[in-house]
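First the structure, in the form of structure tokens, and then the observations on it.
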Amino acid sequence: RPPRGAGRLRAPEMVPHALWLLLIGCGGAIGLQPAVFSPIATARALPTPRHARAPPPVLLGARTRVAPGVVPLGGQLQADRTSFMCKRTARRRRGESKERSRSGAEQRRDAAVRDGVMPFEWLLVLDVEATCDVRGRDWEHEIIEFPVVALNLRTLQVEHEFHSFVRPTINGTLTPFCTKLTGITQDIVDPAPHLDQVLHSFDAWLADKGFVNTPEKRTFAFCADGHFDLQFFLDGECARKRIPKPEYFDKWVNVKQLFADHYKTRRCKIAKMLDIQGMKFEGRLHSGIDDSRNIARIAAKLIEDGSPMYINEGLPPRTAFRDL
């Protein structure tokens, strides 16, 4: 037994020295080599205590069996590296895609500046105003002003305008917050037509001005400051009230995104865009017709500075359902 305070001994060290001499002598008498009875050989033959068993050696490059659900360290490192390489490849591909789209936009811009060719002749700028309240998102918005400004892309001048107020049907009484923000009072919206009547009048106005938007021929495209006007306000209200809406409202030019791409800046509001272009806002802010006119000025300045004018936003594709 090892003395107190000493470390644990291996199997060979636990056998008394006299026993080794006896074993060696007996082995020599029967003709065996002394190496057979060496401490190392005896240690290999004798069972090793559980506490003295060393862990199996780790073989580099060899496949080892692991318990189910346990990921070996080498496999985890390899998986992390593979994931990192995949992410880096995806980032590189996205960067190449952006470069290709940027180069394509530059080519379209250069062709538009050189040849004076645009994919459409007119830009119909639309900026609606809707009912609102201090509660914000909980309010069900309804359009109360529907203005459209027609910008000629060859002369860069506003030549036609369509303007109509709209009477709301769900929240017929305007809130003080809405009146203060938009400047539209109750006596203005009470005699106004409903949204479906305004859309019908607008379609007749397009035909009267000779504006065409079909798959075969497109002479105009809508332009808005973001996606709220045509996606959330107009399309959302038409969907809730089941008002038929023409398909030419489904795609538009997001002038805010074009502005950010061309001037290499963040997307900003109308007054800030005008300030960057060296102009000032004209009229009353949050007035639909005044906002539309100022957006038309921003679009005209973009074209003067060499920016391409093309449709860059639209509604998500609709799923067609059939009765089985």
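How things are named: the first chain in the structure tokens is A, the next is B, and so on; residues count from 1 in each chain; ligands count from 1 in the order shown.
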Exercise. Could you pull out all residues of segment 189-314 of chain A with a DSSP call of strand (DSSP E) and give them as a VMD selection string?
Worked result: chain A and resid 220 to 224 251 to 254 313 to 314
Export of the given selection (N, CA and C atoms) as a tab-separated table (two decimals), in the first residue's frame:
```tsv
chain	number	residue	atom	x	y	z
A	220	PHE	N	-47.12	56.45	-70.02
A	220	PHE	CA	-46.95	57.12	-68.73
A	220	PHE	C	-46.67	56.08	-67.66
A	221	ALA	N	-46.16	56.55	-66.56
A	221	ALA	CA	-45.96	55.74	-65.37
A	221	ALA	C	-46.21	56.60	-64.16
A	222	PHE	N	-46.70	56.00	-63.12
A	222	PHE	CA	-46.96	56.76	-61.90
A	222	PHE	C	-45.66	56.95	-61.12
A	223	CYS	N	-45.65	58.01	-60.36
A	223	CYS	CA	-44.50	58.34	-59.53
A	223	CYS	C	-45.00	58.75	-58.16
A	224	ALA	N	-44.36	58.25	-57.11
A	224	ALA	CA	-44.78	58.56	-55.74
A	224	ALA	C	-43.56	58.67	-54.85
A	251	LYS	N	-47.84	49.40	-60.55
A	251	LYS	CA	-46.40	49.64	-60.67
A	251	LYS	C	-46.15	51.14	-60.73
A	252	TRP	N	-45.02	51.56	-60.17
A	252	TRP	CA	-44.74	52.99	-60.12
A	252	TRP	C	-43.25	53.25	-59.96
A	253	VAL	N	-42.90	54.51	-60.07
A	253	VAL	CA	-41.53	54.98	-59.87
A	253	VAL	C	-41.42	55.50	-58.44
A	254	ASN	N	-40.58	54.89	-57.66
A	254	ASN	CA	-40.31	55.35	-56.30
A	254	ASN	C	-39.21	56.40	-56.38
A	313	GLU	N	-40.68	49.86	-58.51
A	313	GLU	CA	-41.45	49.32	-57.40
A	313	GLU	C	-42.84	48.96	-57.88
A	314	GLY	N	-43.48	48.04	-57.17
A	314	GLY	CA	-44.82	47.61	-57.54
A	314	GLY	C	-45.42	46.73	-56.46
```
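Proximity ranking of A:Ile270, A:Ile143, A:Leu285, A:Ala260 relative to Glu237 of chain A places A:Ile143 first, based on only C-alpha atoms.
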Problem set entry | Pick from A:Met85, A:Leu230, A:Val148, A:Leu153, whichever lies nearest to Trp122 of chain A using only C-alpha atoms | A:Leu153
For this session: Return the single residue from A:Asp138, A:Ser292, A:Ile243, A:Thr179 that is closest to Phe162 of chain A, with distances computed using only C-alpha atoms.
Result: A:Ser292
Exercise. Could you pull out the helix (DSSP H, G or I) residues of segment 269-318 of chain A from DSSP and send them as a VMD selection string?
Worked result: chain A and resid 270 to 276 288 to 304
Would you mind exporting N, CA and C atoms of the selected residues as a short mmCIF file (atom, residue, chain, number, x, y, z; two decimals), in the first residue's frame?
```cif
data_model
loop_
_atom_site.label_atom_id
_atom_site.label_comp_id
_atom_site.auth_asym_id
_atom_site.auth_seq_id
_atom_site.Cartn_x
_atom_site.Cartn_y
_atom_site.Cartn_z
N ILE A 270 -39.49 64.94 -48.53
CA ILE A 270 -39.55 65.84 -49.69
C ILE A 270 -38.74 67.10 -49.47
N ALA A 271 -38.93 67.74 -48.31
CA ALA A 271 -38.23 69.00 -48.04
C ALA A 271 -36.71 68.79 -48.04
N LYS A 272 -36.25 67.67 -47.51
CA LYS A 272 -34.81 67.40 -47.47
C LYS A 272 -34.27 67.13 -48.87
N MET A 273 -35.02 66.42 -49.70
CA MET A 273 -34.57 66.18 -51.07
C MET A 273 -34.46 67.48 -51.84
N LEU A 274 -35.44 68.35 -51.67
CA LEU A 274 -35.36 69.66 -52.33
C LEU A 274 -34.16 70.46 -51.85
N ASP A 275 -33.88 70.38 -50.56
CA ASP A 275 -32.73 71.11 -50.02
C ASP A 275 -31.42 70.59 -50.58
N ILE A 276 -31.30 69.26 -50.75
CA ILE A 276 -30.08 68.70 -51.33
C ILE A 276 -29.92 69.14 -52.78
N GLY A 288 -51.94 67.64 -50.62
CA GLY A 288 -51.70 66.66 -51.66
C GLY A 288 -51.24 67.26 -52.97
N ILE A 289 -51.88 68.31 -53.42
CA ILE A 289 -51.53 68.91 -54.70
C ILE A 289 -50.17 69.60 -54.63
N ASP A 290 -49.86 70.25 -53.50
CA ASP A 290 -48.56 70.90 -53.36
C ASP A 290 -47.44 69.87 -53.24
N ASP A 291 -47.68 68.80 -52.51
CA ASP A 291 -46.66 67.75 -52.43
C ASP A 291 -46.40 67.13 -53.79
N SER A 292 -47.44 66.91 -54.59
CA SER A 292 -47.26 66.33 -55.92
C SER A 292 -46.45 67.25 -56.82
N ARG A 293 -46.71 68.52 -56.75
CA ARG A 293 -45.95 69.47 -57.58
C ARG A 293 -44.48 69.51 -57.19
N ASN A 294 -44.20 69.45 -55.91
CA ASN A 294 -42.80 69.46 -55.47
C ASN A 294 -42.10 68.15 -55.80
N ILE A 295 -42.80 67.04 -55.74
CA ILE A 295 -42.20 65.76 -56.16
C ILE A 295 -41.88 65.80 -57.65
N ALA A 296 -42.74 66.43 -58.44
CA ALA A 296 -42.46 66.58 -59.87
C ALA A 296 -41.20 67.42 -60.09
N ARG A 297 -40.98 68.43 -59.28
CA ARG A 297 -39.76 69.23 -59.38
C ARG A 297 -38.53 68.38 -59.06
N ILE A 298 -38.65 67.52 -58.05
CA ILE A 298 -37.53 66.63 -57.70
C ILE A 298 -37.23 65.68 -58.85
N ALA A 299 -38.27 65.10 -59.45
CA ALA A 299 -38.06 64.18 -60.57
C ALA A 299 -37.42 64.89 -61.77
N ALA A 300 -37.86 66.10 -62.06
CA ALA A 300 -37.28 66.85 -63.18
C ALA A 300 -35.81 67.15 -62.93
N LYS A 301 -35.47 67.50 -61.70
CA LYS A 301 -34.06 67.78 -61.38
C LYS A 301 -33.23 66.52 -61.45
N LEU A 302 -33.80 65.40 -61.07
CA LEU A 302 -33.09 64.13 -61.19
C LEU A 302 -32.73 63.83 -62.65
N ILE A 303 -33.70 64.06 -63.54
CA ILE A 303 -33.44 63.81 -64.96
C ILE A 303 -32.38 64.77 -65.48
N GLU A 304 -32.43 66.02 -65.06
CA GLU A 304 -31.41 66.99 -65.47
C GLU A 304 -30.03 66.57 -65.01
#
```
Problem set entry | Distance query Asp133 of chain A at most 7 Å, only C-alpha atoms, self and fewer than 3 positions along chain excluded, as a list in words |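 Residues near the query, excluding close chain neighbours: Gly136, Trp139, Thr175, Phe177 and Cys178 of chain A.
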Restrict the selected residues to N, CA and C atoms and save them as a PDB file, in the first residue's frame.
```
ATOM      1  N   GLY A 136     -52.482  57.037 -34.701  1.00  0.00           N
ATOM      2  CA  GLY A 136     -51.520  56.540 -35.673  1.00  0.00           C
ATOM      3  C   GLY A 136     -51.965  55.283 -36.378  1.00  0.00           C
ATOM      4  N   TRP A 139     -55.575  53.611 -36.645  1.00  0.00           N
ATOM      5  CA  TRP A 139     -56.617  54.292 -37.389  1.00  0.00           C
ATOM      6  C   TRP A 139     -56.768  53.680 -38.775  1.00  0.00           C
ATOM      7  N   THR A 175     -60.916  64.348 -37.913  1.00  0.00           N
ATOM      8  CA  THR A 175     -60.418  64.677 -36.585  1.00  0.00           C
ATOM      9  C   THR A 175     -59.702  66.026 -36.613  1.00  0.00           C
ATOM     10  N   PHE A 177     -56.836  66.638 -35.529  1.00  0.00           N
ATOM     11  CA  PHE A 177     -55.457  66.364 -35.927  1.00  0.00           C
ATOM     12  C   PHE A 177     -55.329  66.286 -37.445  1.00  0.00           C
ATOM     13  N   CYS A 178     -56.290  65.644 -38.113  1.00  0.00           N
ATOM     14  CA  CYS A 178     -56.255  65.520 -39.573  1.00  0.00           C
ATOM     15  C   CYS A 178     -56.413  66.884 -40.240  1.00  0.00           C
TER      16      CYS A 178
END
```
Problem set entry | Atomic distance atom CA of Lys209 of chain A - atom CA of Phe233 of chain A, expressed in Å with one decimal | 25.3 Å
Exercise. If you measure from atom CA of Glu121 of chain A to atom CA of Leu258 of chain A, what distance in Å do you get, rounded to one decimal?
Worked result: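 Rounded to one decimal, the two atoms are 17.8 Å apart.
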Excluding Asp235 of chain A and any residue of its chain fewer than 5 positions from it, enumerate the residues within 9 Å of it, using only C-alpha atoms, and give them as a PDB file with all heavy atoms, in the first residue's frame.
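Wrote it out as result-v4.pdb, contents follow:
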```
ATOM      1  N   ASP A 229     -48.460  55.597 -50.702  1.00  0.00           N
ATOM      2  CA  ASP A 229     -49.610  56.152 -51.417  1.00  0.00           C
ATOM      3  C   ASP A 229     -50.328  55.111 -52.255  1.00  0.00           C
ATOM      4  O   ASP A 229     -51.559  54.967 -52.173  1.00  0.00           O
ATOM      5  CB  ASP A 229     -49.149  57.323 -52.298  1.00  0.00           C
ATOM      6  CG  ASP A 229     -48.600  58.474 -51.473  1.00  0.00           C
ATOM      7  OD1 ASP A 229     -49.392  59.354 -51.088  1.00  0.00           O
ATOM      8  OD2 ASP A 229     -47.395  58.484 -51.191  1.00  0.00           O
ATOM      9  N   LEU A 230     -49.570  54.371 -53.070  1.00  0.00           N
ATOM     10  CA  LEU A 230     -50.192  53.434 -54.004  1.00  0.00           C
ATOM     11  C   LEU A 230     -50.385  52.040 -53.420  1.00  0.00           C
ATOM     12  O   LEU A 230     -51.278  51.316 -53.872  1.00  0.00           O
ATOM     13  CB  LEU A 230     -49.346  53.345 -55.275  1.00  0.00           C
ATOM     14  CG  LEU A 230     -49.434  54.566 -56.187  1.00  0.00           C
ATOM     15  CD1 LEU A 230     -48.295  54.596 -57.183  1.00  0.00           C
ATOM     16  CD2 LEU A 230     -50.762  54.596 -56.902  1.00  0.00           C
ATOM     17  N   ARG A 240     -60.222  46.734 -49.119  1.00  0.00           N
ATOM     18  CA  ARG A 240     -61.172  46.658 -48.006  1.00  0.00           C
ATOM     19  C   ARG A 240     -62.600  46.921 -48.466  1.00  0.00           C
ATOM     20  O   ARG A 240     -63.539  46.249 -48.034  1.00  0.00           O
ATOM     21  CB  ARG A 240     -60.782  47.663 -46.916  1.00  0.00           C
ATOM     22  CG  ARG A 240     -59.501  47.354 -46.183  1.00  0.00           C
ATOM     23  CD  ARG A 240     -59.386  48.216 -44.939  1.00  0.00           C
ATOM     24  NE  ARG A 240     -59.549  49.629 -45.211  1.00  0.00           N
ATOM     25  CZ  ARG A 240     -58.546  50.462 -45.487  1.00  0.00           C
ATOM     26  NH1 ARG A 240     -57.305  49.998 -45.535  1.00  0.00           N
ATOM     27  NH2 ARG A 240     -58.770  51.746 -45.702  1.00  0.00           N
ATOM     28  N   LYS A 245     -60.011  48.395 -59.144  1.00  0.00           N
ATOM     29  CA  LYS A 245     -58.895  49.313 -59.359  1.00  0.00           C
ATOM     30  C   LYS A 245     -58.163  48.920 -60.636  1.00  0.00           C
ATOM     31  O   LYS A 245     -57.811  47.748 -60.816  1.00  0.00           O
ATOM     32  CB  LYS A 245     -57.949  49.278 -58.168  1.00  0.00           C
ATOM     33  CG  LYS A 245     -56.741  50.202 -58.273  1.00  0.00           C
ATOM     34  CD  LYS A 245     -55.929  50.175 -56.983  1.00  0.00           C
ATOM     35  CE  LYS A 245     -55.292  48.837 -56.753  1.00  0.00           C
ATOM     36  NZ  LYS A 245     -54.194  48.550 -57.696  1.00  0.00           N
ATOM     37  N   PHE A 249     -52.243  51.099 -61.714  1.00  0.00           N
ATOM     38  CA  PHE A 249     -51.823  51.574 -60.404  1.00  0.00           C
ATOM     39  C   PHE A 249     -50.868  50.600 -59.712  1.00  0.00           C
ATOM     40  O   PHE A 249     -50.374  50.908 -58.627  1.00  0.00           O
ATOM     41  CB  PHE A 249     -53.043  51.777 -59.492  1.00  0.00           C
ATOM     42  CG  PHE A 249     -53.857  52.996 -59.810  1.00  0.00           C
ATOM     43  CD1 PHE A 249     -55.142  52.864 -60.312  1.00  0.00           C
ATOM     44  CD2 PHE A 249     -53.349  54.264 -59.605  1.00  0.00           C
ATOM     45  CE1 PHE A 249     -55.912  53.978 -60.595  1.00  0.00           C
ATOM     46  CE2 PHE A 249     -54.108  55.391 -59.885  1.00  0.00           C
ATOM     47  CZ  PHE A 249     -55.385  55.248 -60.384  1.00  0.00           C
ATOM     48  N   ASP A 250     -50.611  49.427 -60.304  1.00  0.00           N
ATOM     49  CA  ASP A 250     -49.863  48.376 -59.613  1.00  0.00           C
ATOM     50  C   ASP A 250     -48.354  48.562 -59.672  1.00  0.00           C
ATOM     51  O   ASP A 250     -47.625  47.916 -58.922  1.00  0.00           O
ATOM     52  CB  ASP A 250     -50.223  47.006 -60.191  1.00  0.00           C
ATOM     53  CG  ASP A 250     -51.654  46.606 -59.870  1.00  0.00           C
ATOM     54  OD1 ASP A 250     -52.294  47.292 -59.056  1.00  0.00           O
ATOM     55  OD2 ASP A 250     -52.145  45.617 -60.459  1.00  0.00           O
ATOM     56  N   LEU A 315     -46.657  46.371 -56.655  1.00  0.00           N
ATOM     57  CA  LEU A 315     -47.344  45.503 -55.712  1.00  0.00           C
ATOM     58  C   LEU A 315     -46.819  44.079 -55.840  1.00  0.00           C
ATOM     59  O   LEU A 315     -46.381  43.671 -56.922  1.00  0.00           O
ATOM     60  CB  LEU A 315     -48.852  45.521 -55.971  1.00  0.00           C
ATOM     61  CG  LEU A 315     -49.571  46.852 -55.780  1.00  0.00           C
ATOM     62  CD1 LEU A 315     -51.047  46.710 -56.135  1.00  0.00           C
ATOM     63  CD2 LEU A 315     -49.425  47.358 -54.343  1.00  0.00           C
TER      64      LEU A 315
END
```
Problem set entry | Shortest interatomic distance to Pro316 of chain A - which of A:Val198, A:Arg135, A:His163, A:Gln231, counting only C-alpha atoms | A:Gln231
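When only C-alpha atoms are used to measure the gap to Gly226 of chain A, the shortest distance among A:Lys87, A:Lys256, A:His200, A:His160 belongs to A:Lys256.
Restricting the calculation to only C-alpha atoms, the smallest distance between Tyr263 of chain A and any of A:Pro191, A:Gly306, A:Gly210, A:Pro176 is found for A:Gly306.
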